[in-house]
>>> print(open('data.csv').read())   # CSV, C-alpha atoms
chain,number,residue,atom,x,y,z
A,263,MET,CA,-12.4,49.2,-73.9
A,264,ASP,CA,-9.3,49.9,-71.8
A,265,ARG,CA,-8.9,53.4,-73.3
A,266,VAL,CA,-12.5,54.2,-72.5
A,267,ARG,CA,-12.1,53.0,-68.9
A,268,LEU,CA,-8.9,55.1,-68.4
A,269,SER,CA,-10.6,58.2,-69.8
A,270,PHE,CA,-13.5,57.6,-67.4
A,271,VAL,CA,-11.2,57.2,-64.4
A,272,ARG,CA,-9.2,60.3,-65.3
A,273,VAL,CA,-12.3,62.4,-65.4
A,274,GLU,CA,-13.7,60.9,-62.2
A,275,GLY,CA,-10.5,61.7,-60.4
A,276,LEU,CA,-10.6,65.4,-61.1
A,277,PRO,CA,-11.5,67.7,-58.2
A,278,GLY,CA,-15.2,68.7,-58.2
A,279,TRP,CA,-14.6,72.4,-59.1
A,280,VAL,CA,-12.3,71.5,-62.0
A,281,TYR,CA,-14.9,69.1,-63.4
A,282,TYR,CA,-17.6,71.8,-62.9
A,283,MET,CA,-15.6,74.3,-64.9
A,284,LEU,CA,-14.8,71.9,-67.7
A,285,SER,CA,-18.4,70.9,-68.0
A,286,LYS,CA,-19.3,74.6,-68.2
A,287,LEU,CA,-16.6,75.5,-70.7
A,288,LYS,CA,-17.9,72.8,-73.1
A,289,LYS,CA,-21.2,74.8,-73.2
A,290,MET,CA,-19.6,78.1,-74.2
A,291,ASP,CA,-21.1,79.7,-77.3
A,292,ILE,CA,-18.5,79.0,-79.9
A,293,PRO,CA,-20.0,81.3,-82.6
A,294,ILE,CA,-19.8,84.3,-80.2
A,295,MET,CA,-16.2,83.4,-79.2
A,296,GLY,CA,-15.3,83.2,-82.9
A,297,ILE,CA,-16.9,86.6,-83.6
A,298,LEU,CA,-15.0,88.2,-80.8
A,299,ILE,CA,-11.7,86.8,-82.1
A,300,CYS,CA,-12.5,88.2,-85.5
A,301,PHE,CA,-13.1,91.6,-83.9
A,302,MET,CA,-9.7,91.4,-82.2
A,303,VAL,CA,-8.0,90.6,-85.4
A,304,MET,CA,-9.8,93.3,-87.4
A,305,SER,CA,-9.4,95.9,-84.7
A,306,THR,CA,-5.6,95.3,-84.3
A,307,PHE,CA,-4.9,95.4,-88.1
A,308,ILE,CA,-7.0,98.6,-88.6
A,309,ILE,CA,-5.4,100.3,-85.7
A,310,TYR,CA,-2.0,99.4,-87.0
A,311,SER,CA,-2.9,100.7,-90.5
A,312,VAL,CA,-3.9,104.1,-89.2
A,313,THR,CA,-1.1,104.5,-86.6
A,314,TRP,CA,2.0,102.7,-88.1
A,315,ASP,CA,3.7,105.9,-89.1
A,316,THR,CA,2.5,108.3,-86.4
A,317,LYS,CA,3.3,109.1,-82.8
A,318,TYR,CA,0.6,106.5,-81.8
A,319,SER,CA,2.7,103.7,-83.3
A,320,GLY,CA,2.4,100.7,-81.1
A,321,LEU,CA,-1.2,101.1,-80.1
A,322,HIS,CA,-2.0,97.9,-82.1
A,323,THR,CA,0.1,95.9,-79.7
A,324,ASN,CA,-1.6,97.3,-76.7
A,325,ASN,CA,-4.9,96.6,-78.3
A,326,TRP,CA,-4.4,92.9,-78.9
A,327,VAL,CA,-2.8,92.3,-75.6
A,328,THR,CA,-5.7,94.1,-73.8
A,329,PHE,CA,-8.2,92.2,-75.9
A,330,ALA,CA,-6.5,88.8,-75.1
A,331,VAL,CA,-6.4,89.5,-71.4
A,332,LEU,CA,-10.0,90.6,-71.3
A,333,PHE,CA,-11.0,87.6,-73.4
A,334,VAL,CA,-9.7,85.3,-70.8
A,335,ALA,CA,-11.3,87.4,-68.1
A,336,MET,CA,-14.6,87.2,-70.0
A,337,ILE,CA,-14.4,83.4,-69.9
A,338,GLY,CA,-13.7,83.5,-66.2
A,339,LEU,CA,-16.7,85.8,-65.6
A,340,SER,CA,-19.0,83.5,-67.6
A,341,LEU,CA,-18.3,80.7,-65.1
A,342,VAL,CA,-19.9,82.8,-62.3
A,343,ASP,CA,-23.7,82.5,-62.2
A,344,TYR,CA,-25.0,85.8,-63.5
A,345,ARG,CA,-27.9,85.6,-61.0
A,346,ILE,CA,-25.5,86.6,-58.2
A,347,TRP,CA,-24.8,89.9,-60.0
A,348,VAL,CA,-28.5,90.5,-60.8
A,349,ARG,CA,-30.0,89.5,-57.5
A,350,GLN,CA,-27.4,90.3,-54.8
A,351,LEU,CA,-25.1,93.0,-56.1
A,352,PRO,CA,-26.9,95.4,-58.6
A,353,TYR,CA,-27.6,98.1,-56.0
A,354,VAL,CA,-24.1,97.9,-54.6
A,355,LEU,CA,-22.5,98.2,-58.1
A,356,TYR,CA,-24.9,101.0,-59.0
A,357,GLY,CA,-23.9,102.9,-55.9
A,358,VAL,CA,-20.2,102.4,-56.8
A,359,GLY,CA,-20.9,103.7,-60.3
A,360,ILE,CA,-22.6,106.8,-59.0
A,361,VAL,CA,-19.6,107.5,-56.6
A,362,LEU,CA,-17.2,107.2,-59.5
A,363,LEU,CA,-19.3,109.7,-61.6
A,364,VAL,CA,-19.1,112.1,-58.6
A,365,ILE,CA,-15.4,111.7,-58.5
A,366,VAL,CA,-15.2,112.5,-62.2
A,367,LYS,CA,-17.2,115.6,-61.6
A,368,PHE,CA,-14.6,117.0,-59.0
A,369,LYS,CA,-11.4,115.1,-59.8
A,370,GLY,CA,-11.9,114.1,-63.4
A,371,LEU,CA,-9.5,114.6,-66.3
A,372,THR,CA,-10.7,117.1,-69.0
A,373,ILE,CA,-9.9,116.4,-72.6
A,374,ASN,CA,-11.3,118.4,-75.5
A,375,GLY,CA,-13.7,120.3,-73.2
A,376,SER,CA,-15.2,117.1,-71.7
A,377,THR,CA,-14.5,115.8,-68.2
A,378,ARG,CA,-15.1,112.0,-68.5
A,379,TRP,CA,-12.1,110.3,-67.2
A,380,ILE,CA,-10.3,109.3,-64.0
A,381,ASP,CA,-6.5,109.3,-64.4
A,382,LEU,CA,-5.2,106.0,-62.9
A,383,GLY,CA,-1.6,106.6,-64.0
A,384,VAL,CA,-1.3,103.6,-66.3
A,385,MET,CA,-4.5,104.3,-68.0
A,386,GLN,CA,-7.5,106.8,-68.2
A,387,PHE,CA,-10.6,105.1,-67.0
A,388,GLN,CA,-14.1,106.3,-68.1
A,389,PRO,CA,-16.7,105.4,-65.3
A,390,SER,CA,-19.7,106.1,-67.5
A,391,GLU,CA,-18.8,103.0,-69.6
A,392,LEU,CA,-19.2,100.7,-66.6
A,393,MET,CA,-22.2,102.6,-65.4
A,394,LYS,CA,-24.1,101.4,-68.4
A,395,LEU,CA,-23.7,97.8,-67.2
A,396,PHE,CA,-24.7,98.7,-63.6
A,397,VAL,CA,-27.9,100.3,-64.9
A,398,ILE,CA,-28.7,97.1,-66.9
A,399,LEU,CA,-28.2,94.9,-63.8
A,400,VAL,CA,-30.6,97.0,-61.7
A,401,ALA,CA,-33.2,97.3,-64.5
A,402,ALA,CA,-33.0,93.5,-65.1
A,403,LYS,CA,-33.6,92.9,-61.3
A,404,LEU,CA,-36.6,95.2,-61.2
A,405,LEU,CA,-38.2,93.9,-64.3
A,406,ALA,CA,-37.7,90.2,-63.3
A,407,GLU,CA,-39.5,90.9,-60.0
A,408,ARG,CA,-42.6,91.6,-62.1
A,409,ASN,CA,-42.5,88.0,-63.4
A,410,GLY,CA,-43.6,89.0,-66.9
A,411,GLU,CA,-46.8,90.8,-65.9
A,412,PRO,CA,-47.6,94.1,-67.6
A,413,LEU,CA,-45.5,96.9,-66.1
A,414,ARG,CA,-47.2,99.4,-63.7
A,415,PHE,CA,-46.4,103.0,-64.3
A,416,VAL,CA,-45.7,104.2,-60.7
A,417,ARG,CA,-44.4,100.9,-59.2
A,418,ASP,CA,-42.3,99.7,-62.1
A,419,ILE,CA,-41.6,102.2,-64.8
A,420,VAL,CA,-40.9,105.2,-62.6
A,421,PRO,CA,-38.3,103.4,-60.4
A,422,ILE,CA,-36.5,102.1,-63.5
A,423,GLY,CA,-36.7,105.6,-64.9
A,424,ILE,CA,-35.1,107.1,-61.8
A,425,VAL,CA,-32.3,104.5,-62.0
A,426,VAL,CA,-31.6,105.6,-65.6
A,427,ILE,CA,-32.1,109.3,-65.3
A,428,ILE,CA,-29.6,109.9,-62.5
A,429,PRO,CA,-26.5,108.6,-64.5
A,430,PHE,CA,-28.0,110.1,-67.7
A,431,ALA,CA,-28.0,113.6,-66.2
A,432,MET,CA,-24.6,113.2,-64.6
A,433,VAL,CA,-23.0,112.1,-67.9
A,434,MET,CA,-24.8,114.9,-69.8
A,435,LEU,CA,-23.1,117.3,-67.5
A,436,GLN,CA,-19.6,116.0,-68.3
A,437,PRO,CA,-20.7,116.7,-71.1
A,438,ASP,CA,-21.1,113.5,-73.1
A,439,MET,CA,-24.3,113.4,-75.2
A,440,GLY,CA,-23.3,110.2,-77.0
A,441,THR,CA,-23.0,108.0,-73.9
A,442,SER,CA,-26.1,109.7,-72.4
A,443,ILE,CA,-28.2,108.5,-75.3
A,444,VAL,CA,-27.0,105.0,-74.7
A,445,PHE,CA,-28.7,105.1,-71.3
A,446,LEU,CA,-32.0,106.0,-72.9
A,447,ALA,CA,-31.6,103.2,-75.5
A,448,ILE,CA,-31.1,100.7,-72.6
A,449,PHE,CA,-34.2,102.1,-70.8
A,450,LEU,CA,-36.4,101.9,-73.9
A,451,GLY,CA,-35.2,98.5,-75.1
A,452,MET,CA,-35.6,96.8,-71.7
A,453,LEU,CA,-39.0,98.4,-71.0
A,454,TRP,CA,-40.2,97.2,-74.5
A,455,VAL,CA,-39.3,93.6,-73.8
A,456,GLY,CA,-40.3,93.9,-70.2
A,457,ASN,CA,-44.0,94.1,-71.2
A,458,ILE,CA,-44.8,97.8,-71.1
A,459,ARG,CA,-48.4,98.6,-71.6
A,460,LYS,CA,-49.4,100.3,-74.9
A,461,LYS,CA,-50.8,103.4,-73.2
A,462,HIS,CA,-47.6,103.9,-71.3
A,463,ALA,CA,-45.5,103.4,-74.5
A,464,LEU,CA,-47.7,106.0,-76.3
A,465,LEU,CA,-47.3,108.4,-73.3
A,466,GLY,CA,-43.6,108.0,-73.4
A,467,ALA,CA,-43.5,108.7,-77.2
A,468,ALA,CA,-45.7,111.8,-76.7
A,469,SER,CA,-43.3,113.0,-73.9
A,470,ILE,CA,-40.3,112.6,-76.1
A,471,ALA,CA,-42.0,114.5,-78.9
A,472,ALA,CA,-43.0,117.3,-76.4
A,473,VAL,CA,-39.4,117.6,-75.3
A,474,ILE,CA,-38.2,117.9,-78.8
A,475,VAL,CA,-40.8,120.6,-79.6
A,476,ILE,CA,-39.9,122.5,-76.5
A,477,LEU,CA,-36.2,122.4,-77.4
A,478,VAL,CA,-36.9,123.6,-80.9
A,479,GLY,CA,-39.1,126.4,-79.6
A,480,LEU,CA,-36.4,127.5,-77.1
A,481,TYR,CA,-33.8,127.4,-79.9
A,482,HIS,CA,-35.9,129.8,-82.1
A,483,TYR,CA,-37.4,132.1,-79.4
A,484,GLN,CA,-35.4,131.7,-76.2
A,485,PHE,CA,-31.9,131.0,-77.4
A,486,ASP,CA,-30.3,132.2,-74.1
A,487,LEU,CA,-32.2,129.6,-72.1
A,488,PHE,CA,-31.5,127.0,-74.8
A,489,SER,CA,-27.8,127.6,-74.7
A,490,LYS,CA,-27.8,126.9,-70.9
A,491,ILE,CA,-29.3,123.4,-71.6
A,492,ILE,CA,-27.2,122.5,-74.6
A,493,LYS,CA,-23.4,123.0,-74.4
A,494,PRO,CA,-21.8,125.2,-77.1
A,495,HIS,CA,-19.8,122.4,-78.7
A,496,GLN,CA,-23.0,120.2,-78.8
A,497,LEU,CA,-24.9,123.0,-80.4
A,498,ASN,CA,-22.2,123.4,-83.1
A,499,ARG,CA,-22.4,119.7,-83.9
A,500,ILE,CA,-26.2,119.8,-84.2
A,501,GLU,CA,-26.2,122.9,-86.4
A,502,THR,CA,-23.5,121.5,-88.7
A,503,PHE,CA,-25.4,118.3,-88.8
A,504,LEU,CA,-28.5,120.1,-90.0
A,505,ASP,CA,-26.6,122.4,-92.4
A,506,PRO,CA,-23.0,121.3,-93.0
A,507,ALA,CA,-22.4,124.2,-95.4
A,508,SER,CA,-23.1,126.8,-92.7
A,509,ASP,CA,-19.8,126.3,-91.0
A,510,PRO,CA,-17.2,124.3,-93.0
A,511,ASP,CA,-14.7,124.4,-90.2
A,512,GLN,CA,-17.1,122.7,-87.8
A,513,SER,CA,-18.2,120.2,-90.3
A,514,TRP,CA,-14.7,119.4,-91.6
A,515,HIS,CA,-14.5,116.1,-89.7
A,516,VAL,CA,-17.8,114.7,-91.0
A,517,LEU,CA,-17.4,116.0,-94.6
A,518,ASN,CA,-14.0,114.4,-94.8
A,519,SER,CA,-15.4,111.1,-93.3
A,520,LYS,CA,-18.1,111.0,-95.9
A,521,ILE,CA,-15.7,111.6,-98.7
A,522,ALA,CA,-13.2,109.0,-97.4
A,523,ILE,CA,-15.9,106.4,-97.2
A,524,ALA,CA,-17.2,107.2,-100.6
A,525,THR,CA,-13.7,107.0,-102.2
A,526,GLY,CA,-13.4,103.5,-100.8
A,527,GLN,CA,-16.0,102.3,-103.3
A,528,LEU,CA,-16.5,98.5,-103.4
A,529,TYR,CA,-13.2,97.1,-102.2
A,530,GLY,CA,-11.3,100.1,-100.8
A,531,ASP,CA,-7.9,101.6,-101.5
A,532,GLY,CA,-6.1,98.9,-99.7
A,533,PHE,CA,-4.4,98.3,-96.4
A,534,ARG,CA,-2.4,101.4,-95.3
A,535,ASN,CA,-3.3,103.1,-98.6
A,536,GLY,CA,-6.3,105.3,-97.6
A,537,HIS,CA,-5.5,108.9,-98.7
A,538,TYR,CA,-7.6,110.6,-96.1
A,539,VAL,CA,-6.9,108.4,-93.1
A,540,GLN,CA,-3.2,108.2,-93.8
A,541,ASN,CA,-2.7,112.0,-94.3
A,542,GLY,CA,-4.4,113.3,-91.1
A,543,TYR,CA,-7.8,114.3,-92.6
A,544,ILE,CA,-9.7,112.0,-90.2
A,545,PRO,CA,-9.2,112.7,-86.5
A,546,TYR,CA,-9.0,109.8,-84.1
A,547,GLY,CA,-8.9,107.2,-86.8
A,548,TYR,CA,-7.8,104.6,-84.3
A,549,ALA,CA,-10.6,105.3,-81.9
A,550,ASP,CA,-14.1,106.9,-82.6
A,551,SER,CA,-13.5,107.3,-86.4
A,552,ILE,CA,-12.2,103.8,-87.0
A,553,PHE,CA,-15.2,103.0,-89.2
A,554,VAL,CA,-13.9,105.6,-91.7
A,555,VAL,CA,-10.7,103.7,-92.0
A,556,ILE,CA,-12.6,100.5,-92.8
A,557,GLY,CA,-14.7,102.3,-95.4
A,558,GLU,CA,-11.8,103.9,-97.2
A,559,GLU,CA,-9.2,101.1,-97.1
A,560,PHE,CA,-11.5,98.1,-97.3
A,561,GLY,CA,-14.6,99.6,-99.0
A,562,PHE,CA,-18.2,98.5,-99.0
A,563,ALA,CA,-17.0,94.9,-98.8
A,564,GLY,CA,-15.1,95.5,-95.6
A,565,ALA,CA,-17.9,97.5,-94.0
A,566,ALA,CA,-20.4,94.8,-95.0
A,567,VAL,CA,-18.3,92.1,-93.3
A,568,LEU,CA,-18.1,94.1,-90.1
A,569,LEU,CA,-21.9,94.7,-90.1
A,570,PHE,CA,-22.5,91.0,-90.8
A,571,LEU,CA,-20.4,90.1,-87.8
A,572,TYR,CA,-22.4,92.5,-85.6
A,573,PHE,CA,-25.6,91.0,-86.9
A,574,LEU,CA,-24.4,87.5,-86.1
A,575,LEU,CA,-23.3,88.6,-82.6
A,576,ILE,CA,-26.7,90.2,-81.8
A,577,TYR,CA,-28.5,87.2,-83.4
A,578,ARG,CA,-26.7,84.8,-81.2
A,579,MET,CA,-27.4,86.9,-78.1
A,580,VAL,CA,-31.1,87.0,-78.9
A,581,LEU,CA,-31.1,83.2,-79.3
A,582,ILE,CA,-29.5,82.8,-75.9
A,583,SER,CA,-32.1,85.1,-74.4
A,584,LEU,CA,-35.0,83.1,-75.9
A,585,ALA,CA,-33.5,79.9,-74.6
A,586,CYS,CA,-33.1,81.2,-71.1
A,587,LYS,CA,-35.9,80.1,-68.6
A,588,ASP,CA,-35.1,83.0,-66.2
A,589,LEU,CA,-36.5,86.4,-67.0
A,590,ALA,CA,-33.6,88.1,-65.3
A,591,GLY,CA,-31.3,86.5,-67.8
A,592,CYS,CA,-33.5,87.5,-70.7
A,593,TYR,CA,-33.6,91.1,-69.6
A,594,LEU,CA,-29.9,91.2,-68.9
A,595,ILE,CA,-29.1,90.1,-72.5
A,596,ILE,CA,-31.7,92.5,-73.9
A,597,GLY,CA,-30.0,95.4,-72.0
A,598,VAL,CA,-26.7,94.4,-73.6
A,599,VAL,CA,-28.2,94.1,-77.0
A,600,SER,CA,-29.8,97.6,-76.7
A,601,MET,CA,-26.5,99.1,-75.5
A,602,LEU,CA,-24.4,97.6,-78.3
A,603,THR,CA,-27.0,98.2,-81.1
A,604,LEU,CA,-27.3,101.9,-80.3
A,605,GLN,CA,-23.5,102.3,-80.1
A,606,ILE,CA,-23.0,100.6,-83.4
A,607,PHE,CA,-25.7,102.6,-85.1
A,608,GLU,CA,-24.6,105.9,-83.5
A,609,ASN,CA,-20.9,105.5,-84.4
A,610,ILE,CA,-21.5,104.6,-88.0
A,611,ALA,CA,-24.4,107.1,-88.5
A,612,MET,CA,-22.4,110.1,-87.3
A,613,HIS,CA,-19.7,109.4,-89.9
A,614,ILE,CA,-22.0,109.2,-92.8
A,615,GLY,CA,-24.1,112.3,-91.9
A,616,LEU,CA,-27.2,110.6,-90.4
A,617,MET,CA,-26.6,111.8,-86.8
A,618,PRO,CA,-24.6,114.6,-85.1
A,619,LEU,CA,-21.0,113.9,-84.3
A,620,SER,CA,-20.5,112.6,-80.8
A,621,GLY,CA,-17.7,110.8,-78.8
A,622,ILE,CA,-18.9,107.2,-79.0
A,623,ALA,CA,-16.7,104.2,-79.7
A,624,LEU,CA,-17.4,101.5,-82.2
A,625,PRO,CA,-17.9,98.4,-80.0
A,626,PHE,CA,-14.9,95.9,-80.0
A,627,ILE,CA,-13.2,97.8,-82.9
A,628,SER,CA,-12.3,101.2,-81.6
A,629,TYR,CA,-9.1,101.5,-79.5
A,630,GLY,CA,-10.1,102.3,-75.9
A,631,GLY,CA,-9.6,100.3,-72.7
A,632,SER,CA,-12.8,101.5,-70.9
A,633,SER,CA,-15.0,100.7,-73.8
A,634,LEU,CA,-13.5,97.3,-74.4
A,635,LEU,CA,-13.6,96.4,-70.7
A,636,THR,CA,-17.3,97.2,-70.6
A,637,ASN,CA,-18.1,95.3,-73.7
A,638,MET,CA,-16.2,92.2,-72.7
A,639,ILE,CA,-17.8,92.2,-69.2
A,640,ALA,CA,-21.1,92.5,-71.0
A,641,MET,CA,-20.2,89.4,-73.1
A,642,GLY,CA,-19.2,87.6,-70.0
A,643,PHE,CA,-22.7,88.2,-68.6
A,644,VAL,CA,-24.2,86.9,-71.9
A,645,MET,CA,-22.0,83.8,-71.7
A,646,SER,CA,-23.0,83.3,-68.1
A,647,VAL,CA,-26.7,83.3,-69.1
A,648,LYS,CA,-25.8,80.6,-71.7
A,649,LEU,CA,-24.0,78.5,-69.1
A,650,HIS,CA,-26.7,78.9,-66.4
A,651,PRO,CA,-30.0,78.9,-68.2
A,652,GLY,CA,-32.1,77.3,-65.4
A,653,SER,CA,-35.2,78.9,-64.0
A,654,PHE,CA,-34.9,81.0,-60.9
A,655,SER,CA,-37.5,82.6,-58.6
A,656,PHE,CA,-36.8,85.9,-56.8
A,657,GLY,CA,-38.7,84.5,-53.9
A,658,ASP,CA,-36.3,81.6,-53.6
A,659,GLU,CA,-33.2,82.0,-51.5
A,660,ARG,CA,-31.5,79.2,-53.5
A,661,LEU,CA,-29.9,79.7,-56.9
A,662,SER,CA,-31.2,76.8,-59.0
>>> encode(input="data.csv", output="structure tokens")
Amino acid sequence: MDRVRLSFVRVEGLPGWVYYMLSKLKKMDIPIMGILICFMVMSTFIIYSVTWDTKYSGLHTNNWVTFAVLFVAMIGLSLVDYRIWVRQLPYVLYGVGIVLLVIVKFKGLTINGSTRWIDLGVMQFQPSELMKLFVILVAAKLLAERNGEPLRFVRDIVPIGIVVIIPFAMVMLQPDMGTSIVFLAIFLGMLWVGNIRKKHALLGAASIAAVIVILVGLYHYQFDLFSKIIKPHQLNRIETFLDPASDPDQSWHVLNSKIAIATGQLYGDGFRNGHYVQNGYIPYGYADSIFVVIGEEFGFAGAAVLLFLYFLLIYRMVLISLACKDLAGCYLIIGVVSMLTLQIFENIAMHIGLMPLSGIALPFISYGGSSLLTNMIAMGFVMSVKLHPGSFSFGDERLS
């Protein structure tokens, strides 16, 4: 009895804000936190495996330190009500993102023919990564204002389309086709859950098909015009994707990736024993091509474990979305799910020959500060929805 009373007094004596934070922390989604920790361990070991005897030795230390710092920051972000970001700040953040993309255009750092980064001295920051979150916030706000009613073409779909198409076009000009496609995935995923009408969905599908037909026609009959739309290195990747044997030099990366993954078989060649990844046949094995390292050194079993973790993460996010009483929270999570799902599929598919090669990171696994920062902020938003699931009306000035 005495111990119970002492415990009660100790809790009652805490400052209100401390008690508030502790009460929220108890509601954190433990499975998601466990999955993120698994990603940190996997990412660090794989990066060490592919860089331990190279000039990039030490990246694994940077990786786990950055991961740990962002993990703590994610917890802090989750304590902030997500509705503040969705209702009060989305347009401001969106504007900041556009300004950063303009800075990239004129002051950006060019690497491998693509201008995507801002050099901050201590790191290279990629604004297009954060821009994906800003688009999700604005789209979630616009969709929530419709209160679940079927979307109107002019008043709802067109404004959201404009919000998406501006950063899409700016990122395409960098050029960065991989990230640009992510914006389209966010747009389509959020509209689908946002109750788009069937006739509008069919119109969108027909428009996409028409664009593809036009591009194919230009490729065959107006190649000069086509080459002005598609950058040379993007064209090379598409052509080698369609016919790898047409240019072995251009398809060297993908062919080696497919062979490396195949040689891994069921259980892989073992930690630090992958022939292709350890002998320089796979470029950027610590970054965009990290899935190849998993496939060769840990085989089908290792790749299956990674995919299962991704499945659990997305499953947990969908459950949180379904439990949320606020449409803005639901749409916010669906935007994050669309973003991560496309990136996971695109990264893995391009290394097994199902999609053209592009510069897209494998979420939570590839080395890269900008990508990891964006993904951990996204998880902070998801956790915030979990901690603040109450209903909220956009006509109400008070956050419930």
>>> closest_residue(input="data.csv", among="A:Gly591, A:Pro429, A:Gly561, A:Gly440", to="A:Arg499", atoms="all atoms listed in the file")
A:Gly440
>>> closest_residue(input="data.csv", among="A:Val312, A:Glu391, A:Leu298, A:Val400", to="A:Tyr543", atoms="all atoms listed in the file")
A:Val312
>>> atom_distance(input="data.csv", atom1="atom CA of A:Val598", atom2="atom CA of A:Ser583")
10.8 Å
>>> residues_around(input="data.csv", residues="A:Leu649", least_positions_apart="2", cutoff="10 Å", atoms="all atoms listed in the file", output="list of chain:residue names")
A:Ser285, A:Lys286, A:Leu287, A:Lys288, A:Lys289, A:Met290, A:Asp291, A:Ser340, A:Leu341, A:Val342, A:Asp343, A:Tyr344, A:Ile582, A:Cys586, A:Phe643, A:Val644, A:Met645, A:Ser646, A:Val647, A:Pro651, A:Gly652
>>> atom_distance(input="data.csv", atom1="atom CA of A:Ile427", atom2="atom CA of A:Ser600")
16.5 Å
>>> closest_residue(input="data.csv", among="A:Leu571, A:Ile521, A:Val455, A:Ile346", to="A:Gly410", atoms="only C-alpha atoms")
A:Val455
>>> decode(input="data.csv", residues="stretch 460-472 of chain A", atoms="N, CA, C and O atoms", output="CSV table (one decimal), in the first residue's frame")
chain,number,residue,atom,x,y,z
A,460,LYS,N,-14.6,7.8,-60.1
A,460,LYS,CA,-14.2,6.8,-61.1
A,460,LYS,C,-13.9,7.5,-62.4
A,460,LYS,O,-12.9,7.1,-63.1
A,461,LYS,N,-14.8,8.4,-62.8
A,461,LYS,CA,-14.6,9.0,-64.1
A,461,LYS,C,-13.3,9.8,-64.2
A,461,LYS,O,-12.6,9.9,-65.2
A,462,HIS,N,-12.9,10.5,-63.1
A,462,HIS,CA,-11.7,11.2,-63.0
A,462,HIS,C,-10.5,10.3,-63.0
A,462,HIS,O,-9.4,10.6,-63.6
A,463,ALA,N,-10.6,9.2,-62.3
A,463,ALA,CA,-9.5,8.2,-62.3
A,463,ALA,C,-9.3,7.6,-63.7
A,463,ALA,O,-8.1,7.5,-64.1
A,464,LEU,N,-10.4,7.3,-64.4
A,464,LEU,CA,-10.3,6.8,-65.8
A,464,LEU,C,-9.7,7.9,-66.7
A,464,LEU,O,-8.8,7.6,-67.6
A,465,LEU,N,-10.1,9.2,-66.5
A,465,LEU,CA,-9.5,10.3,-67.3
A,465,LEU,C,-8.0,10.4,-67.0
A,465,LEU,O,-7.2,10.6,-68.0
A,466,GLY,N,-7.6,10.2,-65.8
A,466,GLY,CA,-6.2,10.3,-65.4
A,466,GLY,C,-5.4,9.2,-66.1
A,466,GLY,O,-4.3,9.4,-66.6
A,467,ALA,N,-5.9,8.0,-66.0
A,467,ALA,CA,-5.3,6.8,-66.6
A,467,ALA,C,-5.1,7.0,-68.2
A,467,ALA,O,-4.1,6.7,-68.7
A,468,ALA,N,-6.2,7.5,-68.8
A,468,ALA,CA,-6.2,7.8,-70.2
A,468,ALA,C,-5.1,8.8,-70.5
A,468,ALA,O,-4.4,8.7,-71.6
A,469,SER,N,-5.0,9.9,-69.7
A,469,SER,CA,-4.0,10.9,-69.9
A,469,SER,C,-2.6,10.4,-69.8
A,469,SER,O,-1.7,10.7,-70.7
A,470,ILE,N,-2.3,9.5,-68.8
A,470,ILE,CA,-1.0,8.9,-68.7
A,470,ILE,C,-0.7,8.1,-69.9
A,470,ILE,O,0.4,8.1,-70.5
A,471,ALA,N,-1.7,7.3,-70.4
A,471,ALA,CA,-1.5,6.4,-71.6
A,471,ALA,C,-1.2,7.3,-72.8
A,471,ALA,O,-0.3,7.0,-73.6
A,472,ALA,N,-1.9,8.4,-72.9
A,472,ALA,CA,-1.7,9.3,-74.0
A,472,ALA,C,-0.3,9.9,-74.0
A,472,ALA,O,0.4,10.0,-75.1
